[in-house]
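Visitor: Structure file coords_6.cif, mmCIF, C-alpha atoms, is pasted below:
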```cif
data_run
loop_
_atom_site.label_atom_id
_atom_site.label_comp_id
_atom_site.auth_asym_id
_atom_site.auth_seq_id
_atom_site.Cartn_x
_atom_site.Cartn_y
_atom_site.Cartn_z
CA MET A 1 8.73 -56.90 -12.62
CA ILE A 2 12.48 -57.54 -12.53
CA LYS A 3 14.22 -56.94 -15.85
CA THR A 4 17.60 -58.11 -17.10
CA TYR A 5 19.68 -55.35 -18.66
CA VAL A 6 22.57 -56.41 -20.89
CA VAL A 7 25.02 -53.50 -21.00
CA ASP A 8 27.16 -52.75 -24.07
CA THR A 9 30.76 -51.48 -23.88
CA ASN A 10 29.95 -48.04 -25.31
CA VAL A 11 27.64 -47.35 -22.35
CA LEU A 12 30.50 -47.89 -19.90
CA ILE A 13 32.88 -45.85 -22.05
CA GLN A 14 30.54 -42.87 -21.88
CA ALA A 15 29.43 -43.36 -18.24
CA PRO A 16 31.59 -45.79 -16.19
CA ASP A 17 29.17 -45.64 -13.25
CA ALA A 18 26.22 -46.66 -15.45
CA LEU A 19 26.19 -50.03 -13.68
CA TYR A 20 24.53 -48.31 -10.72
CA CYS A 21 21.70 -46.78 -12.76
CA PHE A 22 19.35 -49.76 -13.15
CA ASP A 23 17.58 -49.69 -9.77
CA ASP A 24 16.71 -53.16 -8.43
CA ASN A 25 17.01 -54.98 -11.75
CA GLN A 26 19.62 -57.48 -12.93
CA VAL A 27 22.62 -56.11 -14.84
CA VAL A 28 24.52 -58.49 -17.10
CA ILE A 29 27.96 -57.83 -18.60
CA PRO A 30 28.87 -60.24 -21.46
CA VAL A 31 32.46 -61.51 -21.44
CA VAL A 32 33.02 -59.81 -24.80
CA VAL A 33 32.50 -56.44 -23.05
CA LEU A 34 35.37 -57.29 -20.71
CA GLU A 35 37.54 -58.03 -23.74
CA GLU A 36 36.67 -54.67 -25.30
CA LEU A 37 37.39 -52.84 -22.03
CA ASP A 38 40.74 -54.63 -21.88
CA ASN A 39 41.57 -53.45 -25.41
CA LEU A 40 40.61 -49.87 -24.56
CA LYS A 41 42.23 -49.50 -21.13
CA LYS A 42 45.49 -48.13 -22.58
CA ALA A 43 43.81 -45.73 -25.00
CA GLU A 44 44.58 -42.03 -24.67
CA GLY A 45 42.03 -39.45 -23.62
CA GLU A 46 38.57 -39.91 -22.21
CA LYS A 47 37.98 -43.30 -23.84
CA GLY A 48 40.92 -44.90 -22.03
CA ALA A 49 40.22 -43.08 -18.77
CA ASN A 50 36.60 -44.25 -18.71
CA ALA A 51 37.57 -47.81 -19.63
CA ARG A 52 39.95 -47.89 -16.66
CA ALA A 53 37.29 -46.38 -14.40
CA ALA A 54 34.79 -49.07 -15.43
CA ILE A 55 37.41 -51.77 -14.80
CA ARG A 56 38.05 -50.39 -11.31
CA ILE A 57 34.33 -50.51 -10.53
CA LEU A 58 34.19 -54.14 -11.66
CA GLU A 59 37.18 -54.93 -9.45
CA GLN A 60 35.48 -53.35 -6.43
CA LEU A 61 32.41 -55.51 -7.09
CA ARG A 62 34.55 -58.62 -7.63
CA GLN A 63 35.99 -58.19 -4.15
CA LYS A 64 32.46 -58.34 -2.73
CA GLY A 65 31.52 -61.67 -4.28
CA ASP A 66 31.47 -63.94 -7.32
CA LEU A 67 30.72 -61.96 -10.48
CA LEU A 68 29.66 -65.12 -12.30
CA THR A 69 26.84 -65.85 -9.86
CA GLY A 70 26.02 -62.20 -9.14
CA VAL A 71 26.99 -59.40 -6.76
CA LYS A 72 24.52 -57.10 -5.06
CA LEU A 73 24.72 -53.42 -6.02
CA GLU A 74 24.50 -50.51 -3.59
CA HIS A 75 21.15 -49.18 -4.81
CA GLY A 76 19.51 -52.58 -5.29
CA GLY A 77 19.71 -55.14 -8.05
CA THR A 78 22.61 -57.41 -8.97
CA LEU A 79 25.43 -57.49 -11.46
CA ARG A 80 26.97 -60.56 -13.02
CA ILE A 81 29.28 -61.57 -15.84
CA GLU A 82 27.78 -63.87 -18.49
CA LYS A 83 30.15 -66.25 -20.31
CA ASN A 84 27.65 -68.73 -21.72
CA PHE A 85 25.42 -68.88 -24.82
CA VAL A 86 28.24 -69.32 -27.32
CA ASP A 87 26.09 -71.90 -29.11
CA VAL A 88 23.07 -69.64 -29.59
CA LYS A 89 22.30 -69.39 -33.31
CA LEU A 90 21.92 -66.05 -35.10
CA PRO A 91 20.70 -65.39 -38.65
CA PRO A 92 23.36 -66.24 -41.28
CA ASP A 93 23.81 -62.54 -42.10
CA LEU A 94 25.15 -61.85 -38.59
CA PRO A 95 28.68 -63.34 -38.35
CA GLU A 96 29.33 -64.92 -34.97
CA ASP A 97 32.89 -63.63 -34.64
CA LYS A 98 31.81 -59.98 -34.52
CA MET A 99 31.79 -58.38 -31.06
CA ASP A 100 28.31 -56.84 -31.39
CA ASN A 101 26.81 -60.13 -32.49
CA ARG A 102 28.35 -61.96 -29.53
CA ILE A 103 26.41 -59.55 -27.30
CA LEU A 104 23.24 -60.36 -29.25
CA LYS A 105 23.82 -64.09 -28.62
CA VAL A 106 23.87 -63.42 -24.87
CA CYS A 107 20.62 -61.46 -25.14
CA LYS A 108 18.97 -64.32 -27.09
CA GLY A 109 20.18 -66.93 -24.60
CA LEU A 110 18.97 -65.22 -21.44
CA GLU A 111 15.49 -65.90 -20.12
CA GLY A 112 12.88 -63.45 -18.89
CA ASP A 113 12.42 -59.78 -19.74
CA VAL A 114 15.77 -59.00 -21.40
CA VAL A 115 16.75 -55.50 -22.57
CA LEU A 116 19.94 -54.62 -24.43
CA VAL A 117 21.29 -51.19 -23.43
CA THR A 118 23.60 -49.70 -26.05
CA LYS A 119 24.54 -46.32 -27.53
CA ASP A 120 24.98 -47.99 -30.94
CA ILE A 121 21.90 -47.25 -33.07
CA LEU A 122 22.66 -49.99 -35.61
CA LEU A 123 23.07 -52.57 -32.85
CA ARG A 124 19.63 -51.57 -31.57
CA VAL A 125 18.29 -52.08 -35.10
CA LYS A 126 19.90 -55.54 -35.34
CA ALA A 127 18.49 -56.42 -31.92
CA GLN A 128 15.00 -55.59 -33.12
CA ILE A 129 15.50 -57.74 -36.21
CA ILE A 130 16.16 -60.84 -34.11
CA GLY A 131 13.44 -60.02 -31.57
CA VAL A 132 15.54 -58.57 -28.75
CA GLN A 133 14.29 -55.46 -26.93
CA ALA A 134 16.90 -52.66 -27.06
CA GLU A 135 17.17 -49.20 -25.51
CA ASP A 136 19.54 -46.27 -25.44
CA PHE A 137 21.20 -45.41 -22.12
CA THR A 138 18.89 -42.66 -20.88
CA ALA A 139 20.23 -41.85 -17.41
CA GLU A 140 22.12 -38.83 -18.79
CA GLN A 141 19.46 -37.74 -21.26
CA VAL A 142 17.92 -34.29 -21.02
CA PRO A 143 14.53 -33.25 -22.45
CA GLU A 144 14.04 -32.87 -26.19
CA ARG A 145 15.10 -29.59 -27.71
CA SER A 146 11.69 -27.93 -27.34
CA GLY A 147 11.74 -28.68 -23.61
CA GLN A 148 15.29 -27.57 -22.88
CA TYR A 149 16.01 -24.44 -20.89
CA PRO A 150 16.70 -21.48 -23.24
CA GLY A 151 17.97 -19.07 -20.56
CA ARG A 152 15.57 -16.36 -21.74
CA THR A 153 11.89 -15.58 -22.01
CA GLU A 154 9.42 -12.87 -23.03
CA ALA A 155 6.80 -11.44 -20.69
CA TYR A 156 4.51 -8.47 -20.10
CA ALA A 157 4.23 -5.98 -17.27
CA PRO A 158 1.87 -3.06 -16.52
CA GLU A 159 3.07 0.10 -18.19
CA GLU A 160 3.43 2.02 -14.90
CA CYS A 161 6.11 -0.46 -13.79
CA PHE A 162 8.50 0.84 -16.45
CA LYS A 163 8.91 4.29 -14.86
CA ASP A 164 11.32 3.17 -12.14
CA PHE A 165 12.69 0.08 -13.86
CA LYS A 166 16.27 1.35 -14.09
CA LYS A 167 16.38 2.27 -10.40
CA LYS A 168 14.24 -0.35 -8.70
CA GLY A 169 13.59 -3.08 -11.23
CA ILE A 170 10.19 -4.78 -11.47
CA SER A 171 8.85 -7.36 -9.06
CA ILE A 172 8.37 -10.77 -10.67
CA ASP A 173 4.86 -10.77 -9.19
CA ARG A 174 3.88 -7.98 -11.60
CA ILE A 175 4.88 -9.72 -14.82
CA TYR A 176 2.81 -12.24 -16.74
CA ILE A 177 2.51 -14.21 -19.95
CA ILE A 178 -0.48 -15.19 -22.06
CA ASP A 179 -1.14 -18.93 -22.26
CA GLU A 180 -2.64 -20.86 -25.18
CA ALA A 181 -6.14 -20.27 -23.85
CA GLY A 182 -5.58 -16.50 -23.87
CA GLU A 183 -5.41 -16.31 -20.08
CA ARG A 184 -2.87 -14.37 -18.02
CA LYS A 185 -0.55 -16.34 -15.77
CA ASN A 186 2.67 -15.77 -13.89
CA PRO A 187 5.65 -17.40 -15.59
CA GLN A 188 7.97 -19.72 -13.67
CA LEU A 189 11.24 -17.81 -13.72
CA ILE A 190 14.72 -19.10 -12.91
CA GLU A 191 17.60 -17.23 -11.28
CA ASN A 192 19.69 -15.33 -13.86
CA GLN A 193 17.12 -15.94 -16.61
CA PHE A 194 17.08 -13.12 -19.15
CA VAL A 195 13.77 -11.41 -19.91
CA ILE A 196 12.47 -9.34 -22.80
CA LEU A 197 9.86 -7.31 -20.94
CA LYS A 198 7.10 -5.56 -22.87
CA ALA A 199 4.56 -3.00 -21.67
CA ASP A 200 1.05 -4.41 -21.87
CA GLN A 201 -0.49 -1.18 -23.17
CA SER A 202 2.24 -0.01 -25.54
CA THR A 203 4.01 -1.82 -28.37
CA LYS A 204 6.94 0.62 -28.22
CA LYS A 205 8.02 0.08 -24.61
CA THR A 206 10.38 -2.87 -24.29
CA VAL A 207 13.23 -3.37 -21.84
CA LEU A 208 15.81 -6.08 -21.34
CA GLY A 209 16.36 -7.47 -17.87
CA ARG A 210 17.49 -10.38 -15.77
CA VAL A 211 15.92 -12.34 -12.93
CA CYS A 212 17.64 -11.54 -9.63
CA LYS A 213 15.85 -13.17 -6.71
CA THR A 214 12.38 -11.55 -6.61
CA LEU A 215 13.05 -8.83 -9.19
CA ILE A 216 13.64 -8.28 -12.88
CA ILE A 217 16.61 -5.91 -12.91
CA PRO A 218 18.13 -3.99 -15.84
CA LEU A 219 21.26 -5.21 -17.59
CA GLY A 220 24.44 -3.81 -16.10
CA TYR A 221 26.62 -3.89 -19.22
CA GLY A 222 24.13 -2.83 -21.88
CA LYS A 223 26.10 0.29 -22.86
CA HIS A 224 29.52 -1.38 -22.98
CA LYS A 225 31.36 -2.03 -26.23
CA PRO A 226 33.78 -4.90 -25.57
CA TYR A 227 36.75 -4.50 -27.91
CA GLY A 228 34.64 -2.05 -29.92
CA ILE A 229 31.82 -4.53 -30.57
CA VAL A 230 28.23 -3.29 -30.26
CA PRO A 231 25.34 -5.72 -29.63
CA ARG A 232 22.97 -5.94 -32.58
CA ASN A 233 20.04 -7.81 -31.04
CA ALA A 234 18.54 -8.87 -27.72
CA GLY A 235 20.43 -12.16 -27.71
CA GLN A 236 23.78 -10.40 -28.03
CA TYR A 237 22.87 -7.99 -25.22
CA PHE A 238 22.15 -11.00 -23.03
CA LEU A 239 25.35 -12.68 -24.18
CA GLN A 240 27.40 -9.56 -23.45
CA GLU A 241 25.87 -9.28 -19.99
CA ALA A 242 26.80 -12.87 -19.09
CA LEU A 243 30.32 -12.63 -20.50
CA MET A 244 31.19 -9.27 -18.97
CA GLN A 245 30.21 -10.31 -15.45
CA PRO A 246 33.28 -11.11 -13.32
CA ALA A 247 34.13 -14.72 -12.61
CA GLU A 248 33.13 -14.37 -8.96
CA ILE A 249 29.54 -13.63 -10.02
CA ALA A 250 29.20 -15.65 -13.25
CA PRO A 251 31.92 -18.34 -13.32
CA LEU A 252 29.97 -20.47 -15.82
CA VAL A 253 28.32 -19.20 -19.00
CA ILE A 254 26.49 -21.60 -21.34
CA VAL A 255 25.63 -20.31 -24.82
CA LYS A 256 23.63 -22.28 -27.38
CA GLY A 257 22.88 -21.04 -30.86
CA MET A 258 23.06 -21.75 -34.57
CA ALA A 259 26.03 -20.91 -36.78
CA GLY A 260 26.42 -17.18 -37.39
CA THR A 261 24.95 -15.97 -34.11
CA ALA A 262 28.40 -14.68 -33.04
CA LYS A 263 28.86 -17.00 -30.06
CA THR A 264 32.62 -17.45 -30.54
CA PHE A 265 33.17 -13.96 -31.93
CA TYR A 266 31.55 -12.24 -28.96
CA SER A 267 33.27 -14.48 -26.43
CA LEU A 268 36.66 -13.63 -27.92
CA ALA A 269 35.79 -9.93 -28.01
CA VAL A 270 35.02 -9.86 -24.28
CA GLY A 271 38.17 -11.83 -23.56
CA LEU A 272 40.32 -9.36 -25.50
CA GLU A 273 38.57 -6.47 -23.76
CA LYS A 274 39.44 -7.92 -20.36
CA LEU A 275 43.04 -8.76 -21.29
CA LEU A 276 44.08 -5.90 -23.61
CA ASN A 277 41.74 -2.91 -23.52
CA ASN A 278 41.10 -2.88 -19.78
CA PRO A 279 43.73 -5.15 -18.21
CA THR A 280 42.60 -5.05 -14.59
CA GLY A 281 44.28 -8.34 -13.77
CA GLU A 282 40.94 -10.15 -13.60
CA TYR A 283 42.33 -12.94 -15.79
CA ARG A 284 45.87 -14.14 -16.43
CA ARG A 285 45.09 -15.39 -19.91
CA MET A 286 42.48 -16.66 -22.31
CA MET A 287 42.46 -20.40 -23.00
CA ILE A 288 40.56 -21.89 -25.94
CA THR A 289 39.77 -25.47 -26.86
CA ARG A 290 37.48 -27.22 -29.33
CA PRO A 291 36.51 -30.76 -28.24
CA ASN A 292 36.54 -32.67 -31.48
CA ALA A 293 37.15 -36.38 -31.81
CA GLN A 294 40.82 -35.66 -32.50
CA PHE A 295 41.17 -34.02 -29.09
CA ASP A 296 39.92 -37.07 -27.25
CA SER A 297 42.63 -39.39 -28.50
CA ASP A 298 46.37 -39.26 -28.82
CA ILE A 299 47.40 -36.28 -30.97
CA GLY A 300 49.77 -38.58 -32.82
CA PHE A 301 53.40 -38.97 -33.70
CA LEU A 302 53.59 -36.54 -36.60
CA PRO A 303 56.28 -33.83 -36.39
CA GLY A 304 55.47 -30.73 -34.40
CA ASP A 305 54.47 -29.83 -30.90
CA GLU A 306 50.96 -29.82 -29.48
CA GLN A 307 50.19 -26.30 -30.71
CA GLU A 308 51.26 -27.12 -34.29
CA LYS A 309 49.18 -30.29 -34.34
CA ILE A 310 45.95 -28.72 -33.11
CA SER A 311 46.32 -25.47 -35.07
CA PRO A 312 44.21 -26.67 -38.06
CA LEU A 313 41.33 -27.33 -35.67
CA MET A 314 41.72 -23.84 -34.22
CA ARG A 315 41.48 -22.11 -37.58
CA PRO A 316 37.91 -20.84 -36.87
CA ILE A 317 39.30 -19.11 -33.77
CA ILE A 318 41.97 -17.40 -35.87
CA ASP A 319 39.32 -16.29 -38.37
CA ASN A 320 37.39 -14.58 -35.58
CA LEU A 321 40.53 -13.00 -34.16
CA GLU A 322 41.37 -11.53 -37.57
CA GLN A 323 38.01 -9.75 -37.61
CA LEU A 324 38.48 -8.46 -34.07
CA ILE A 325 42.11 -7.32 -34.37
CA ASP A 326 41.38 -5.35 -37.55
CA SER A 327 37.79 -4.11 -37.62
CA ASN A 328 38.17 -2.39 -41.00
CA GLU A 329 36.43 -4.86 -43.30
CA GLU A 330 37.52 -3.12 -46.50
CA LYS A 331 41.24 -2.97 -45.71
CA ARG A 332 41.59 -5.88 -43.29
CA TYR A 333 43.38 -8.20 -45.71
CA GLU A 334 45.44 -5.64 -47.62
CA LYS A 335 48.42 -6.39 -45.36
CA GLU A 336 47.88 -10.00 -44.34
CA ASP A 337 51.44 -10.41 -43.04
CA GLU A 338 50.93 -7.50 -40.66
CA LEU A 339 47.59 -8.90 -39.48
CA ALA A 340 49.11 -12.35 -38.95
CA GLY A 341 51.95 -10.74 -37.00
CA LYS A 342 49.55 -9.02 -34.62
CA ILE A 343 47.76 -12.29 -33.89
CA GLU A 344 51.04 -14.17 -33.49
CA GLU A 345 52.20 -11.56 -30.99
CA ILE A 346 49.11 -12.16 -28.83
CA PHE A 347 49.90 -15.87 -28.72
CA GLU A 348 53.62 -15.31 -28.10
CA ARG A 349 52.84 -13.05 -25.14
CA GLY A 350 50.81 -15.88 -23.66
CA LEU A 351 47.61 -13.84 -23.58
CA ILE A 352 45.80 -16.51 -25.58
CA LYS A 353 46.59 -20.21 -25.42
CA THR A 354 44.97 -23.02 -27.42
CA GLU A 355 44.91 -26.48 -25.90
CA ALA A 356 43.67 -29.95 -26.72
CA LEU A 357 40.86 -30.94 -24.39
CA ASN A 358 42.77 -34.11 -23.57
CA TYR A 359 45.49 -32.05 -21.84
CA ILE A 360 43.12 -30.02 -19.66
CA ARG A 361 42.07 -33.16 -17.78
CA GLY A 362 43.41 -33.32 -14.26
CA ARG A 363 44.46 -29.68 -14.07
CA SER A 364 43.28 -26.92 -11.77
CA ILE A 365 42.78 -23.83 -13.93
CA VAL A 366 43.11 -20.51 -12.06
CA LYS A 367 42.25 -16.94 -13.16
CA THR A 368 41.62 -18.03 -16.73
CA TYR A 369 39.02 -16.98 -19.27
CA LEU A 370 38.31 -20.45 -20.69
CA ILE A 371 36.36 -20.80 -23.94
CA ILE A 372 35.21 -24.26 -24.98
CA ASP A 373 33.97 -23.98 -28.54
CA GLU A 374 31.80 -26.67 -30.16
CA ALA A 375 30.92 -27.95 -26.68
CA GLN A 376 28.08 -30.04 -28.12
CA ASN A 377 30.78 -32.57 -29.02
CA MET A 378 31.63 -33.12 -25.35
CA THR A 379 30.26 -36.02 -23.33
CA PRO A 380 28.53 -35.39 -19.99
CA ASN A 381 31.57 -36.91 -18.28
CA GLN A 382 33.89 -34.43 -20.00
CA VAL A 383 31.70 -31.50 -18.98
CA LYS A 384 31.78 -32.66 -15.37
CA GLY A 385 35.56 -32.94 -15.53
CA ILE A 386 36.02 -29.45 -16.98
CA ILE A 387 33.58 -27.58 -14.73
CA THR A 388 34.93 -29.23 -11.60
CA ARG A 389 38.45 -28.16 -12.58
CA ALA A 390 37.62 -24.47 -12.42
CA GLY A 391 39.91 -22.79 -9.91
CA LYS A 392 39.48 -19.43 -8.23
CA GLY A 393 38.91 -16.56 -10.62
CA THR A 394 38.29 -18.78 -13.68
CA LYS A 395 35.36 -18.18 -16.01
CA ILE A 396 34.22 -21.09 -18.19
CA ILE A 397 32.27 -20.38 -21.38
CA LEU A 398 30.60 -23.35 -23.09
CA LEU A 399 29.59 -22.57 -26.69
CA GLY A 400 27.82 -24.76 -29.19
CA ASP A 401 24.86 -25.86 -31.26
CA PRO A 402 23.18 -29.10 -30.08
CA ASN A 403 21.94 -29.65 -33.63
CA GLN A 404 25.48 -29.89 -35.04
CA ILE A 405 27.01 -32.94 -33.36
CA ASP A 406 29.91 -34.75 -35.00
CA ARG A 407 30.78 -37.22 -32.26
CA PRO A 408 29.50 -40.83 -32.37
CA PHE A 409 26.95 -41.93 -29.73
CA LEU A 410 25.96 -38.33 -28.87
CA ASP A 411 22.77 -36.54 -29.85
CA GLU A 412 20.89 -33.37 -28.88
CA ARG A 413 19.70 -35.02 -25.65
CA THR A 414 22.93 -36.70 -24.50
CA ASN A 415 25.68 -34.24 -25.41
CA GLY A 416 27.67 -32.46 -22.72
CA LEU A 417 26.48 -28.96 -23.62
CA SER A 418 22.79 -29.81 -23.18
CA PHE A 419 23.59 -31.94 -20.13
CA ALA A 420 25.36 -29.04 -18.42
CA ALA A 421 22.63 -26.57 -19.40
CA GLU A 422 19.86 -28.66 -17.84
CA HIS A 423 21.70 -29.69 -14.70
CA MET A 424 23.14 -26.21 -13.96
CA LYS A 425 19.76 -24.53 -14.56
CA GLY A 426 18.86 -22.43 -11.55
CA SER A 427 22.39 -22.21 -10.17
CA PRO A 428 23.21 -18.62 -9.19
CA LEU A 429 26.71 -19.24 -10.57
CA CYS A 430 25.54 -20.26 -14.05
CA TRP A 431 24.26 -17.82 -16.68
CA GLN A 432 22.69 -19.15 -19.87
CA VAL A 433 21.38 -17.80 -23.14
CA THR A 434 20.14 -19.43 -26.34
CA LEU A 435 20.53 -17.31 -29.47
CA THR A 436 17.75 -17.63 -32.05
CA ALA A 437 17.89 -18.08 -35.83
CA GLU A 438 16.66 -14.50 -36.24
CA GLU A 439 19.79 -13.32 -34.42
CA CYS A 440 22.17 -14.71 -37.03
CA GLU A 441 24.53 -11.87 -37.95
CA ARG A 442 27.08 -13.60 -40.21
CA SER A 443 25.58 -12.44 -43.50
CA ALA A 444 22.24 -12.13 -45.26
CA LEU A 445 22.90 -15.46 -46.99
CA ALA A 446 23.82 -17.22 -43.73
CA MET A 447 20.66 -15.94 -42.02
CA ASP A 448 18.49 -17.02 -44.94
CA ALA A 449 20.14 -20.45 -45.03
CA VAL A 450 19.62 -21.00 -41.28
CA LYS A 451 15.90 -20.44 -41.78
CA ARG A 452 15.53 -22.45 -44.97
CA LEU A 453 17.90 -25.40 -44.71
#
```
What would you get if you wrote out this structure as structure tokens?

Guide:
Amino acid sequence: MIKTYVVDTNVLIQAPDALYCFDDNQVVIPVVVLEELDNLKKAEGEKGANARAAIRILEQLRQKGDLLTGVKLEHGGTLRIEKNFVDVKLPPDLPEDKMDNRILKVCKGLEGDVVLVTKDILLRVKAQIIGVQAEDFTAEQVPERSGQYPGRTEAYAPEECFKDFKKKGISIDRIYIIDEAGERKNPQLIENQFVILKADQSTKKTVLGRVCKTLIIPLGYGKHKPYGIVPRNAGQYFLQEALMQPAEIAPLVIVKGMAGTAKTFYSLAVGLEKLLNNPTGEYRRMMITRPNAQFDSDIGFLPGDEQEKISPLMRPIIDNLEQLIDSNEEKRYEKEDELAGKIEEIFERGLIKTEALNYIRGRSIVKTYLIIDEAQNMTPNQVKGIITRAGKGTKIILLGDPNQIDRPFLDERTNGLSFAAEHMKGSPLCWQVTLTAEECERSALAMDAVKRL
């Protein structure tokens, strides 16, 4: 049965090509959406860029026919602009001059199976109140958290396989898991997936490995101490392995985990190791960004250059650098001026550079160790833009917690971090690891809070 999908502005702002995602159904754009796109087309950052992209798509369709009567789309279905239904009555509590309510009037006026598609939860609630079916835009959704790829697994192998593990690895045909019915079965493994491998006849024999084609092979950087940091748990060993690999082998690393699991700390430690302790020329510099809402709009007209304006948002990075530059916890802050001077010197030498995400768009980044912290606040479109900008010799590290999203219209299934993790799953160029609550190393209180709160 053909449906009529009424598309809200926020859908086009997040995914300009969403118009092509409704198969052979009818897509309707209310005139008020055109007005909102017109107001947003000069906005800075991703919002303005996506508004302009959506406008260009509409122009391409306009050239093919009359948008008021309907234009056929490439993959089936039609698109048209709807300018009628201004006289449709809404409940008195919904003022007619509000943009959202003008969209609801169009939905009420249309005939047939009408569905409003919007990222706005409250607009979906209002639609239900007046009897209009409403849905979220799901084309970019990934599975719920329990079904998302963690980048790691646990499995068993016969004890005799462990004798030559370091030299030959273990064939994936020899490992197994126990299902809910208590039966053995071979797990479905993915390239570069990390494995905690346990001997089936001994509780003391456990090794850490990685899927490499048809084998589970040992970690190559397990004994390394990047910038003096020693892994404290299996998750950090996996994290170290992914970060230490050269960009030619692992150009994309995706790390998910709760606060206190040392995602940012460890990423900075490996970066400093590559740039300062063992400067082999692998990377020219380390670049760091945190995609908050402030980064996706104009950074403003207040005094100061870009670095001065974004420095408050980079304070967590500085906190981690302070711990890395001076590892003596007892005396670290006795000479704060000296510590601040050491960090300032690193920035002045250009070894580390902080940037607003808005200013990375459109660039080709070469031989750079690029850390994107709080990546759960990125949209799928931003993730695509960043990953596709990676030049030769660049390593991109996406860090974040899908449960801590601050950006409107994003959730644990639609954020850029989860989107990248699911779509890059299985790529030989992407290494992933999810750190667990038990691997929180910030403090005893932090670990207890992660479990309880």

Visitor: Show which residues sit within 9 Å of Gly109 in chain A, as a ChimeraX atom specification. Count all atoms listed in the file, and ignore same-chain residues fewer than 4 positions away.

Guide: /A:84-88,104-105

Visitor: Would you pick out the contacts of range 168-176 of chain A at 8 Å or less, using all atoms listed in the file, so that residues sharing its chain but fewer than 4 positions from it are not included, and give the list as a PyMOL selection string?

Guide: chain A and resi 155-158+161-162+164+184-187+214-218

Visitor: Keeping only C-alpha atoms, write those residues as a JSON list (two decimals), in the frame of the given file.

Guide:
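Saved to selection.json:
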```json
[["chain", "number", "residue", "atom", "x", "y", "z"],
["A", 155, "ALA", "CA", 6.80, -11.44, -20.69],
["A", 156, "TYR", "CA", 4.51, -8.47, -20.10],
["A", 157, "ALA", "CA", 4.23, -5.98, -17.27],
["A", 158, "PRO", "CA", 1.87, -3.06, -16.52],
["A", 161, "CYS", "CA", 6.11, -0.46, -13.79],
["A", 162, "PHE", "CA", 8.50, 0.84, -16.45],
["A", 164, "ASP", "CA", 11.32, 3.17, -12.14],
["A", 184, "ARG", "CA", -2.87, -14.37, -18.02],
["A", 185, "LYS", "CA", -0.55, -16.34, -15.77],
["A", 186, "ASN", "CA", 2.67, -15.77, -13.89],
["A", 187, "PRO", "CA", 5.65, -17.40, -15.59],
["A", 214, "THR", "CA", 12.38, -11.55, -6.61],
["A", 215, "LEU", "CA", 13.05, -8.83, -9.19],
["A", 216, "ILE", "CA", 13.64, -8.28, -12.88],
["A", 217, "ILE", "CA", 16.61, -5.91, -12.91],
["A", 218, "PRO", "CA", 18.13, -3.99, -15.84]]
```

Visitor: Around the point (33.5, -40.7, -23.6) (coordinates from the file), which residues reach within 9 Å if we count all atoms listed in the file? Answer as a CSV table (one decimal) with C-alpha atoms, keeping the file's coordinate frame.

Guide:
```
chain,number,residue,atom,x,y,z
A,10,ASN,CA,30.0,-48.0,-25.3
A,11,VAL,CA,27.6,-47.4,-22.4
A,12,LEU,CA,30.5,-47.9,-19.9
A,13,ILE,CA,32.9,-45.8,-22.0
A,14,GLN,CA,30.5,-42.9,-21.9
A,15,ALA,CA,29.4,-43.4,-18.2
A,45,GLY,CA,42.0,-39.4,-23.6
A,46,GLU,CA,38.6,-39.9,-22.2
A,47,LYS,CA,38.0,-43.3,-23.8
A,48,GLY,CA,40.9,-44.9,-22.0
A,49,ALA,CA,40.2,-43.1,-18.8
A,50,ASN,CA,36.6,-44.2,-18.7
A,296,ASP,CA,39.9,-37.1,-27.2
A,378,MET,CA,31.6,-33.1,-25.4
A,379,THR,CA,30.3,-36.0,-23.3
A,380,PRO,CA,28.5,-35.4,-20.0
A,381,ASN,CA,31.6,-36.9,-18.3
A,382,GLN,CA,33.9,-34.4,-20.0
```

Visitor: As a check of understanding, name the residues that the PyMOL selection byres ((chain A and resi 256) around 10) selects in the supplied structure, as a VMD selection string.

Guide: chain A and resid 150 to 151 254 to 255 257 to 259 261 263 374 to 376 398 to 403 417 to 418 421 432 to 436

Visitor: For a cut-off of 6 Å around (19.4, -56.6, -23.7), file coordinates, pick out all residues using all atoms listed in the file and list them as number ranges by chain.

Guide: A: 5-6, 107, 114-117, 134

Visitor: Write range 48-54 of chain A as an mmCIF file, keeping the file's coordinate frame, completed to N, CA and C atoms.

Guide:
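Written output follows (part-v6.cif):
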```cif
data_model
loop_
_atom_site.group_PDB
_atom_site.id
_atom_site.type_symbol
_atom_site.label_atom_id
_atom_site.label_comp_id
_atom_site.auth_asym_id
_atom_site.auth_seq_id
_atom_site.Cartn_x
_atom_site.Cartn_y
_atom_site.Cartn_z
ATOM 1 N N GLY A 48 40.088 -44.064 -22.889
ATOM 2 C CA GLY A 48 40.920 -44.900 -22.030
ATOM 3 C C GLY A 48 40.647 -44.668 -20.556
ATOM 4 N N ALA A 49 40.472 -43.409 -20.173
ATOM 5 C CA ALA A 49 40.220 -43.080 -18.770
ATOM 6 C C ALA A 49 38.920 -43.715 -18.281
ATOM 7 N N ASN A 50 37.883 -43.671 -19.114
ATOM 8 C CA ASN A 50 36.600 -44.250 -18.710
ATOM 9 C C ASN A 50 36.650 -45.776 -18.708
ATOM 10 N N ALA A 51 37.406 -46.352 -19.642
ATOM 11 C CA ALA A 51 37.570 -47.810 -19.630
ATOM 12 C C ALA A 51 38.231 -48.256 -18.332
ATOM 13 N N ARG A 52 39.260 -47.543 -17.912
ATOM 14 C CA ARG A 52 39.950 -47.890 -16.660
ATOM 15 C C ARG A 52 39.039 -47.686 -15.453
ATOM 16 N N ALA A 53 38.222 -46.627 -15.505
ATOM 17 C CA ALA A 53 37.290 -46.380 -14.400
ATOM 18 C C ALA A 53 36.267 -47.514 -14.289
ATOM 19 N N ALA A 54 35.756 -47.971 -15.436
ATOM 20 C CA ALA A 54 34.790 -49.070 -15.430
ATOM 21 C C ALA A 54 35.433 -50.349 -14.900
#
```
